[in-house]
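*Asks:* Below is one structure. I have some questions about it.
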Amino acid sequence: MGVPPTRPADRAFARPRRRPIAAVAATVALLAVGAGVLVGLSTPAPRPADAPEGEFSAGRAFRNVEVIAAEPHVAGSAANDRVREHLVGTLRGLGLQTEVQDAVAPEAGQLSGAAGGATLARVRNVVARLPGTDPTGKVFLVSHYDSVQTGPGGNDDAAGTSAILEVARALSTGPRPRNDIVFVLTDAEEACLCGAAGFAADHPLARDGGVVLNLEARGSTGPVIMFETSRNNAKLVEIFGRAAPHPVGTSFAVEIYRALPNDTDFTAFLDRRFVGLNSAYIDGGAIYHTPLDVPARMDRGSLQMHGDNALGLAREFGRTDLGDLRAGHDDTYFPVLGGLVRYPGWLTLPLAVAALLAVGALGWLLRRRGRATAGTLAAGFGLTLAPVVVAPLGAWLLWTAITTIRPGYAELLDPYRPVWYRLAVVALSAAVLFCWYALLRRRVGPAALAFGGLAWLAVFGVLLAVAVPGGAYLTTLPALAGALAGFAALATRRDGPWPVVAVTLAAAVAVVILLPPVVLLFPALGMGMGAVAALVAVLLGLAVLPVVDLLHPRAGGQRGLLALRARRLGALPAAAAALAAVVLAGVGLAVDRFDAAHPVPTHLMYALDAGTGKAAWLTREEKPQPWTDGYVDGTVSIADDFPGLGTTELRGGPATAAPLPAPKLDLLSDSRSGDQRVLRVRVVPQRQVRLLTLHVDTSTATVRSATVAGRNVPVEPGDGKWGFGVVFHAPPPEGVEVTLTLVPRGGAVSVRAMDASDGLSGVPGFRPRPEGVGVVGSHSSEMLAVARTYPL
């Protein structure tokens, strides 16, 4: 019998004569490129404490981490005072001009506080200066030294603060820079970003602006990512790529972060006259803001990377003319094998259009050469949406199933040991892609399906270029590389080596560009949004489809048993990936169990109305853990009783009233001017607290203006009974003076004062957490609030 003619389904870019060898060679090449990408994202080896004095040493910096993060040190606490004394002594010991800025500062951007109020804090920033020899401006190295109330802040932000101390030491031992270097260690970042806001707005050194390098951490490990810049960042990015020894950063991350409501100290500087870069390591997010954020949990390689980059950038900006660092545009940039590729942002849309036109031309050429028909090209384009939709949906369903089995994950940013789950999502995405490809390959054809993948990449590139320009490179460049590879493959013998080389090179481009976001999106967004990483993984799979095709037997020319065997072989990649997803998820459940070292997070607060004697346990857990469930029994609204805690409904339950005093309200003066009444009061805490609040019942008066500790605050009445309020963090023992100008509605003006401290161990009815039950990383965890209403 003769061999049947080749079927249309086998019209592929490449059909090498030695298909298994070509498949192995291409796969090994891509695995090697992927390994190189992962190495480029890895952290450096930490240098020991005896490293040369001009270098950054994680060993030296870690000594400061241990001092700073010896205990929780929330703003205003005695522990924070001890940390500040250490910082001042260390900087002065380096011969630097050092001072403490003691001020009352508003929240960054005057963001609204609880119940339509305003937020302020007493801050004590540590500021040191290394004078330049011929300054053209100032370079500010910024981190915050306070911690949350629930943990000592070993990473957040003892890492950034200790890195800056070590950078200051390294700079002070060498030649003085041309420009002034200012070290700003801010207070009350965790509370309200008030320290940074107070420095940027009021400190004389900040008057003329400058370049800000902010150092943060939101986890315990991973590469340091430069995730935020000021606008028109082209010159900043150029310096970052040249001067940072480990330049990990993407314009896509900058675009995403700008769209999110998240803030750091960097926000306060952007609100003023500053330009700069914001960096952090973000993996290991399970310990973020928890009692587990201790020095021992820190990856010293991440600390080394933080310091290497900060020192390199400080030296480069220290010798650069800072007269004009604002370019007329943002750059598009992304990491490539330890370096940084960048190009002007104004090229984004032209490149996206070029990629779309190139893919369109490839489709025309495929039809002209007989590799596809108009129908198969249309089918390839339309059917490619299936894995793009199904893989993220599958990732979401997988995580939903896992959180159903282990509900404690709902309160975690990420599991303690997330790698197995991340690999499971990637394997699931691969299974969806391989299954889709195996089902359609013979019917539609490899070339048409590859065209469909490239076409969607090009379409996404245009959409991103319009909506999120900094992220367009993710799909534009792989689409353009794939189209060029297609042209090269069509220009050479299909059964020769060059088509395989061409499609492998294009796939390598896709791996270099799309693998980093797959890796970085998991810790950035957490497993709860693993579907986003799954989407990018599928886009990567679509870009490498011509190489995936080599893993399958020839799609046409077989009959009978040969055809059946070909179909079975074609199903093997999908079956293997699906099995891997199940096994990896199972291993994750087996390995990542809650225990004493990895406790299930719980949230609990205690609130007392000192006027009525009623008390309640409160939690923000939507589905309370068994330990928390012993305190709460239903949904409650706290807006009327505790406006200082916000207006969100919580879970609550009755509690025994503790003999605790409410903050005292002293009426200092009461005067009238026409229909307005001016009340000057002092709110005085009767115990050690970390915040005070004062709210006005807007049914008894309309607030026209307000001054808190000598600072005017915005009056933006909110909804509900207590429509105007003030939140003051780190209040001094003598209290806070508030002046209210208001229009009474007849009768007494009703105000409600509340204070809050941390720790529930002395509260009647509190049962210590058993082994394996921990504290969720929240600014309100373990809060003890006492409130009272005063008629004036």
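Within each chain, counting starts at residue 1; across the structure tokens, chains are named A, B, ... in the order shown, with ligands numbered 1 upward in that order.
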Got a sec: who's within 8 Å of segment 249-258 of chain A, counting only C-alpha atoms, leaving out chain neighbours fewer than 6 positions off, as a ChimeraX atom specification?

*Replies:* /A:225-229,331-335,340,468-472

*Asks:* Next, the residues of the selection above should be written as a PDB file, in the first residue's frame with N, CA and C atoms.

*Replies:*
ATOM      1  N   ILE A 225      12.264  44.133  44.018  1.00  0.00           N
ATOM      2  CA  ILE A 225      11.635  44.605  42.784  1.00  0.00           C
ATOM      3  C   ILE A 225      11.452  46.115  42.847  1.00  0.00           C
ATOM      4  N   MET A 226      11.906  46.804  41.849  1.00  0.00           N
ATOM      5  CA  MET A 226      11.624  48.230  41.742  1.00  0.00           C
ATOM      6  C   MET A 226      10.243  48.339  41.084  1.00  0.00           C
ATOM      7  N   PHE A 227       9.224  48.578  41.924  1.00  0.00           N
ATOM      8  CA  PHE A 227       7.840  48.419  41.482  1.00  0.00           C
ATOM      9  C   PHE A 227       7.085  49.725  41.288  1.00  0.00           C
ATOM     10  N   GLU A 228       7.705  50.865  41.596  1.00  0.00           N
ATOM     11  CA  GLU A 228       7.000  52.139  41.454  1.00  0.00           C
ATOM     12  C   GLU A 228       8.003  53.234  41.130  1.00  0.00           C
ATOM     13  N   THR A 229       7.605  54.135  40.253  1.00  0.00           N
ATOM     14  CA  THR A 229       8.427  55.292  39.926  1.00  0.00           C
ATOM     15  C   THR A 229       7.556  56.537  39.895  1.00  0.00           C
ATOM     16  N   ASP A 331       9.434  55.181  30.370  1.00  0.00           N
ATOM     17  CA  ASP A 331      10.053  54.106  29.599  1.00  0.00           C
ATOM     18  C   ASP A 331       9.273  52.815  29.769  1.00  0.00           C
ATOM     19  N   THR A 332       9.328  51.971  28.757  1.00  0.00           N
ATOM     20  CA  THR A 332       8.929  50.573  28.909  1.00  0.00           C
ATOM     21  C   THR A 332      10.199  49.799  29.227  1.00  0.00           C
ATOM     22  N   TYR A 333      10.142  48.946  30.236  1.00  0.00           N
ATOM     23  CA  TYR A 333      11.356  48.227  30.626  1.00  0.00           C
ATOM     24  C   TYR A 333      10.996  46.910  31.302  1.00  0.00           C
ATOM     25  N   PHE A 334      11.948  45.972  31.272  1.00  0.00           N
ATOM     26  CA  PHE A 334      11.747  44.659  31.882  1.00  0.00           C
ATOM     27  C   PHE A 334      13.102  43.980  32.037  1.00  0.00           C
ATOM     28  N   PRO A 335      13.219  43.039  32.998  1.00  0.00           N
ATOM     29  CA  PRO A 335      14.508  42.396  33.240  1.00  0.00           C
ATOM     30  C   PRO A 335      14.794  41.309  32.209  1.00  0.00           C
ATOM     31  N   LEU A 340      18.602  44.948  32.209  1.00  0.00           N
ATOM     32  CA  LEU A 340      17.329  45.631  32.033  1.00  0.00           C
ATOM     33  C   LEU A 340      17.218  46.113  30.601  1.00  0.00           C
ATOM     34  N   VAL A 468      -2.924  50.227  29.287  1.00  0.00           N
ATOM     35  CA  VAL A 468      -1.836  50.035  30.254  1.00  0.00           C
ATOM     36  C   VAL A 468      -0.520  49.991  29.484  1.00  0.00           C
ATOM     37  N   PRO A 469      -0.040  51.120  29.001  1.00  0.00           N
ATOM     38  CA  PRO A 469       1.104  51.121  28.071  1.00  0.00           C
ATOM     39  C   PRO A 469       2.335  50.387  28.581  1.00  0.00           C
ATOM     40  N   GLY A 470       2.614  50.497  29.885  1.00  0.00           N
ATOM     41  CA  GLY A 470       3.807  49.859  30.414  1.00  0.00           C
ATOM     42  C   GLY A 470       3.765  48.348  30.386  1.00  0.00           C
ATOM     43  N   GLY A 471       2.586  47.772  30.160  1.00  0.00           N
ATOM     44  CA  GLY A 471       2.471  46.319  30.105  1.00  0.00           C
ATOM     45  C   GLY A 471       2.335  45.758  28.715  1.00  0.00           C
ATOM     46  N   ALA A 472       2.321  46.607  27.702  1.00  0.00           N
ATOM     47  CA  ALA A 472       2.084  46.137  26.332  1.00  0.00           C
ATOM     48  C   ALA A 472       3.197  45.238  25.832  1.00  0.00           C
TER      49      ALA A 472
END

*Asks:* Within 7 Å of Lys138 of chain A, counting only C-alpha atoms, which residues qualify if same-chain residues fewer than 5 places away don't, as a PDB file with all heavy atoms, in the first residue's frame?

*Replies:*
ATOM      1  N   ASN A 179      26.579  65.319  45.291  1.00  0.00           N
ATOM      2  CA  ASN A 179      25.290  65.801  45.778  1.00  0.00           C
ATOM      3  C   ASN A 179      25.079  65.417  47.238  1.00  0.00           C
ATOM      4  O   ASN A 179      25.640  64.443  47.727  1.00  0.00           O
ATOM      5  CB  ASN A 179      24.151  65.216  44.936  1.00  0.00           C
ATOM      6  CG  ASN A 179      24.232  65.640  43.484  1.00  0.00           C
ATOM      7  OD1 ASN A 179      24.423  66.823  43.194  1.00  0.00           O
ATOM      8  ND2 ASN A 179      24.121  64.689  42.576  1.00  0.00           N
ATOM      9  N   ASP A 180      24.249  66.182  47.929  1.00  0.00           N
ATOM     10  CA  ASP A 180      23.880  65.849  49.301  1.00  0.00           C
ATOM     11  C   ASP A 180      23.135  64.518  49.323  1.00  0.00           C
ATOM     12  O   ASP A 180      22.239  64.279  48.494  1.00  0.00           O
ATOM     13  CB  ASP A 180      22.963  66.921  49.892  1.00  0.00           C
ATOM     14  CG  ASP A 180      23.676  68.238  50.155  1.00  0.00           C
ATOM     15  OD1 ASP A 180      24.912  68.270  50.026  1.00  0.00           O
ATOM     16  OD2 ASP A 180      22.989  69.216  50.477  1.00  0.00           O
ATOM     17  N   ILE A 181      23.481  63.667  50.272  1.00  0.00           N
ATOM     18  CA  ILE A 181      22.738  62.435  50.517  1.00  0.00           C
ATOM     19  C   ILE A 181      22.037  62.607  51.861  1.00  0.00           C
ATOM     20  O   ILE A 181      22.681  62.849  52.882  1.00  0.00           O
ATOM     21  CB  ILE A 181      23.649  61.196  50.569  1.00  0.00           C
ATOM     22  CG1 ILE A 181      24.556  61.137  49.329  1.00  0.00           C
ATOM     23  CG2 ILE A 181      22.814  59.934  50.691  1.00  0.00           C
ATOM     24  CD1 ILE A 181      23.838  60.880  48.032  1.00  0.00           C
ATOM     25  N   VAL A 182      20.711  62.480  51.865  1.00  0.00           N
ATOM     26  CA  VAL A 182      19.919  62.656  53.078  1.00  0.00           C
ATOM     27  C   VAL A 182      19.279  61.314  53.431  1.00  0.00           C
ATOM     28  O   VAL A 182      18.610  60.699  52.594  1.00  0.00           O
ATOM     29  CB  VAL A 182      18.839  63.741  52.896  1.00  0.00           C
ATOM     30  CG1 VAL A 182      18.067  63.954  54.195  1.00  0.00           C
ATOM     31  CG2 VAL A 182      19.464  65.050  52.434  1.00  0.00           C
ATOM     32  N   GLY A 210      13.850  66.588  45.288  1.00  0.00           N
ATOM     33  CA  GLY A 210      15.036  65.795  45.028  1.00  0.00           C
ATOM     34  C   GLY A 210      14.665  64.405  44.548  1.00  0.00           C
ATOM     35  O   GLY A 210      13.531  64.157  44.120  1.00  0.00           O
ATOM     36  N   VAL A 211      15.625  63.494  44.623  1.00  0.00           N
ATOM     37  CA  VAL A 211      15.432  62.110  44.194  1.00  0.00           C
ATOM     38  C   VAL A 211      15.227  61.243  45.425  1.00  0.00           C
ATOM     39  O   VAL A 211      16.047  61.266  46.351  1.00  0.00           O
ATOM     40  CB  VAL A 211      16.649  61.592  43.404  1.00  0.00           C
ATOM     41  CG1 VAL A 211      16.433  60.144  42.974  1.00  0.00           C
ATOM     42  CG2 VAL A 211      16.897  62.470  42.198  1.00  0.00           C
TER      43      VAL A 211
END

*Asks:* Per DSSP on the backbone, filter segment 528-694 of chain A down to the residues in strand (DSSP E or B) and report them as a ChimeraX atom specification.

*Replies:* /A:600-602,605-609,614-619,634-636,650-655,664-673,676-684,691-694

*Asks:* For His246 of chain A, work out the shell of residues within 12 Å, counting only C-alpha atoms and skipping chain neighbours fewer than 6 positions away, then give it as a PyMOL selection string.

*Replies:* chain A and resi 39-44+223-226+240+279+301-302+304-313+335-340

*Asks:* Nearest to Leu539 of chain A: which of A:Pro553, A:Pro407, A:Gly461, A:Gly89 is it, counting only C-alpha atoms?

*Replies:* A:Gly461

*Asks:* Taking only C-alpha atoms into account, name the residue in A:Lys721, A:Arg176, A:Arg494, A:His203 that is nearest to Arg124 of chain A.

*Replies:*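 Of A:Lys721, A:Arg176, A:Arg494, A:His203, the one nearest Arg124 of chain A is A:His203, counting only C-alpha atoms.
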
*Asks:* For segment 588-595 of chain A, find every residue with an atom within 12 Å (counting only C-alpha atoms), except residues of its own chain fewer than 4 positions away, and show them as a VMD selection string.

*Replies:* chain A and resid 286 399 401 to 409 412 414 to 425 580 to 584 599 to 601 770 to 774

*Asks:* Quick one: residues within 10 Å of Val713 of chain A, only C-alpha atoms, excluding same-chain residues fewer than 3 positions away - as a PyMOL selection string?

*Replies:* chain A and resi 106+110+117-120+705-710+716+726

*Asks:* What are the closest atom pairs, with distances in Å to one decimal, for all residues of segment 710-777 of chain A lying within 10 Å of segment 602-614 of chain A? Consider only C-alpha atoms, order rows by chain and residue number, and present the result as a Markdown table.

*Replies:*
| residue | atom | partner | partner_atom | distance |
| --- | --- | --- | --- | --- |
| A:Met754 | CA | A:Asp609 | CA | 9.0 |
| A:Ala756 | CA | A:Ala607 | CA | 8.9 |
| A:Asp758 | CA | A:Met605 | CA | 9.2 |
| A:Gly759 | CA | A:Met605 | CA | 9.0 |
| A:Leu760 | CA | A:Tyr606 | CA | 7.4 |
| A:Val763 | CA | A:Tyr606 | CA | 8.2 |
| A:Phe766 | CA | A:Tyr606 | CA | 9.5 |
| A:Arg769 | CA | A:Thr602 | CA | 9.3 |
| A:Val773 | CA | A:Thr602 | CA | 7.0 |
| A:Gly774 | CA | A:Thr602 | CA | 5.9 |
| A:Val775 | CA | A:Thr602 | CA | 5.0 |
| A:Val776 | CA | A:Thr602 | CA | 5.1 |
| A:Gly777 | CA | A:His603 | CA | 8.4 |

*Asks:* Set the distance at 6 Å and use only C-alpha atoms: which residues neighbour segment 742-753 of chain A once local chain neighbours fewer than 2 positions away are removed? I'd like the list as a list in words.

*Replies:*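 Everything that qualifies: Gln676, Arg677, Thr693, Leu694, His695, Val696, Asp697, Thr700, Ala701, Thr702, Val703, Arg704, Ala787, Arg788, Thr789, Tyr790, Pro791 and Leu792 of chain A.
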